[in-house]
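Below is one structure, written out as structure tokens, with a few remarks after it.
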Amino acid sequence: MTYIKSPMNYTGGKYKLLPQIQPLFPTDINMFVDLFTGGGNIAVNVNANKIIANDNEKHVIDIYKTFQSMAIEEIINEIELLIKTYDLTIDNTEGFNNLRNDYNKGAFGFGGSIPFLSQIALFVLICYSFNHQFRFNSKGEFNMPFGKNRSQWNDNIKKNLTKFHKVITGKDIIFTNKDFRELKVDKLKPNDFVYCDPPYLITCATYNEKDGWNEQCEKDLLNLLDNLNSQRDFHKLHWKIPISIIWCCVFVFFELTLY
Ligand SMILES: C[S@@+](CC[C@H](N)C(=O)[O-])C[C@H]1O[C@@H](n2cnc3c(N)ncnc32)[C@H](O)[C@@H]1O
């Protein structure tokens with residue numbers, strides 16, 4: 001089985017683990033909620049009637065929404081135009097710094113002839129950044145350094161982006177930008193499935209630096225999982241339908257499926 005790989009090289013991305021994770025999912029999912037979608041690797045590879053891909057990182061969700069709103073040819077044209085304009089290459093530090101400065105100055109902000117150029121510019125910056133990562137300082141400025149001699153827009157990213165775009169425009173997939181605690185557990189229905197791949201308390205990524213993920217978050221997530229569990233028991237008691245739960249110690253799954 002071949003899987004779609006996110007065009008974002010996301011820390012903690014589960015693309016490589018998909019052959020192990022995906023067979024654990026039920027075959028009949030109504031709504032799939034990917035509560036910590038990150039690179040979206042799981043969301044784009046799941047079979048469900050409807051998919052909610054959520055993350056509290058607004059920049060990432062805005063990039064996906066921008067991709068959804070544009071034709072793939074238009075996206076690639078804009079990416080390649082920016083690369084040409086800034087003369088971005090694998091070793092042109094100055095070109096990268098110029099693009100980063102302009103992005104941080106708001107040069108690609110809303111109101112221009114291409115409404116979402118800012119998100120495209122951010123995606124290009126990520127393509128050329130160290131390890132294809134993104135990070136913002138306290139002033140909201142993109143501050144990842146250039147991935148000199150290592151990172152650039154290339155045929156692989158282009159191929160991944162094209163496949164990813166086909167799925168996010170072809171399937172019923174909605175990107176949302178919320179904190180996981182906002183999930184409305186009581187709105188979930190039989191055959192809905194919640195998948196949780198939170199940041200790990202014991203490791204570091206740009207999205208859990210500076211107390212971005214702490215013990216309180218872990219406790220709140222456990223409470224949420226308990227709530228999901230009660231919801232599952234409610235369905236079980238009232239409708240007498242068997243349910244299964246899958247837990248994994250590092251990435252935590254919760255299955256709220258009734259069959
Ligand atoms: C391990 S990554 C998910 C990777 C994803 N499964 C993939 O395959 O690409 C964890 C994600 O949780 C997000 N996150 C961190 N705190 C969050 C919160 N409070 N609510 C929702 N998402 C959060 C981070 O921005 C990050 O994208």
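Naming scheme: A, B, ... for chains in displayed order of the structure tokens; residues 1 onward per chain; ligands 1 onward as shown.
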How close does each residue of chain A get to ligand 1, giving the shortest atom pair and distance in Å to one decimal for every residue with an atom at most 9 Å away, counting only C-alpha atoms and all ligand atoms, sorted by chain and residue number, as a Markdown table?
| residue | atom | partner | partner_atom_place_in_ligand_line | distance |
| --- | --- | --- | --- | --- |
| A:Ser6 | CA | ligand 1 | 9 (O) | 7.3 |
| A:Met8 | CA | ligand 1 | 9 (O) | 8.0 |
| A:Asn9 | CA | ligand 1 | 9 (O) | 8.0 |
| A:Tyr10 | CA | ligand 1 | 9 (O) | 5.4 |
| A:Thr11 | CA | ligand 1 | 2 (S) | 6.6 |
| A:Gly12 | CA | ligand 1 | 1 (C) | 4.3 |
| A:Gly13 | CA | ligand 1 | 9 (O) | 3.4 |
| A:Lys14 | CA | ligand 1 | 8 (O) | 3.8 |
| A:Tyr15 | CA | ligand 1 | 8 (O) | 5.8 |
| A:Lys16 | CA | ligand 1 | 8 (O) | 8.8 |
| A:Leu17 | CA | ligand 1 | 8 (O) | 8.7 |
| A:Leu18 | CA | ligand 1 | 8 (O) | 8.7 |
| A:Asp34 | CA | ligand 1 | 6 (N) | 7.7 |
| A:Leu35 | CA | ligand 1 | 21 (C) | 6.3 |
| A:Phe36 | CA | ligand 1 | 12 (O) | 4.2 |
| A:Thr37 | CA | ligand 1 | 5 (C) | 4.7 |
| A:Gly38 | CA | ligand 1 | 27 (O) | 3.3 |
| A:Gly39 | CA | ligand 1 | 9 (O) | 3.3 |
| A:Gly40 | CA | ligand 1 | 9 (O) | 4.8 |
| A:Asn41 | CA | ligand 1 | 8 (O) | 4.3 |
| A:Ile42 | CA | ligand 1 | 8 (O) | 5.4 |
| A:Ala43 | CA | ligand 1 | 8 (O) | 8.1 |
| A:Asn54 | CA | ligand 1 | 21 (C) | 6.6 |
| A:Asp55 | CA | ligand 1 | 22 (N) | 4.0 |
| A:Asn56 | CA | ligand 1 | 21 (C) | 4.2 |
| A:Glu57 | CA | ligand 1 | 25 (O) | 4.7 |
| A:Lys58 | CA | ligand 1 | 25 (O) | 8.5 |
| A:Val60 | CA | ligand 1 | 27 (O) | 8.1 |
| A:Asn177 | CA | ligand 1 | 21 (C) | 7.6 |
| A:Lys178 | CA | ligand 1 | 21 (C) | 6.0 |
| A:Asp179 | CA | ligand 1 | 20 (N) | 3.6 |
| A:Phe180 | CA | ligand 1 | 20 (N) | 4.0 |
| A:Arg181 | CA | ligand 1 | 20 (N) | 6.9 |
| A:Glu182 | CA | ligand 1 | 20 (N) | 8.4 |
| A:Tyr195 | CA | ligand 1 | 6 (N) | 8.8 |
| A:Cys196 | CA | ligand 1 | 6 (N) | 7.7 |
| A:Asp197 | CA | ligand 1 | 6 (N) | 5.2 |
| A:Pro198 | CA | ligand 1 | 10 (C) | 4.5 |
| A:Pro199 | CA | ligand 1 | 10 (C) | 4.4 |
| A:Tyr200 | CA | ligand 1 | 1 (C) | 7.1 |
| A:Ala205 | CA | ligand 1 | 1 (C) | 8.6 |
| A:Thr206 | CA | ligand 1 | 25 (O) | 8.4 |
| A:Tyr207 | CA | ligand 1 | 25 (O) | 5.0 |
| A:Asn208 | CA | ligand 1 | 15 (C) | 6.4 |
| A:Gly212 | CA | ligand 1 | 16 (N) | 6.3 |
| A:Trp213 | CA | ligand 1 | 16 (N) | 5.9 |
| A:Cys217 | CA | ligand 1 | 19 (N) | 6.9 |
| A:Leu221 | CA | ligand 1 | 19 (N) | 9.0 |
| A:Phe251 | CA | ligand 1 | 1 (C) | 8.0 |
Counting only C-alpha atoms, what is within 7 Å of Ile29 (chain A), bar same-chain residues fewer than 5 positions away, as a PyMOL selection string?
chain A and resi 48-49+191-193
Using C-alpha atoms, can you export the residues from the last selection as a PDB file, in the first residue's frame?
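Wrote selection39.pdb, looks like this:
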ATOM      1  CA  ALA A  48     -13.672   8.259   6.526  1.00  0.00           C
ATOM      2  CA  ASN A  49     -16.793  10.073   5.359  1.00  0.00           C
ATOM      3  CA  ASN A 191     -18.676   5.507  14.287  1.00  0.00           C
ATOM      4  CA  ASP A 192     -16.752   8.707  14.927  1.00  0.00           C
ATOM      5  CA  PHE A 193     -13.089   8.200  15.706  1.00  0.00           C
TER       6      PHE A 193
END
Pull the strand (DSSP E) assignments for region 13-212 of chain A out of DSSP run on the backbone, and list those residues as a VMD selection string.
chain A and resid 31 to 34 50 to 54 173 to 176 193 to 196
For CA of Asp211 (chain A) and CA of Ile174 (chain A), quote the distance in Å rounded to one decimal.
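For CA of Asp211 (chain A) relative to CA of Ile174 (chain A), the distance reads 27.8 Å.
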Hey, what's within 12 Å of Lys158 (chain A) if we count only C-alpha atoms and toss same-chain stuff fewer than 4 positions away? As a list in words, please?
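Skipping anything fewer than 4 positions along the chain leaves Lys5, Ser6, Pro7, Met8, Ile72, Glu73, Ile75, Ile76, Asn77, Ile79, Glu80, Phe123, Val124, Cys127, Gln152, Trp153, Asn154, Thr162, Lys163, Phe164 and His165 of chain A.
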CA of Ile90 (chain A) and CA of Leu122 (chain A), how far apart in Å?
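Taking CA of Leu122 (chain A) and CA of Ile90 (chain A), their separation equals 16.9 Å.
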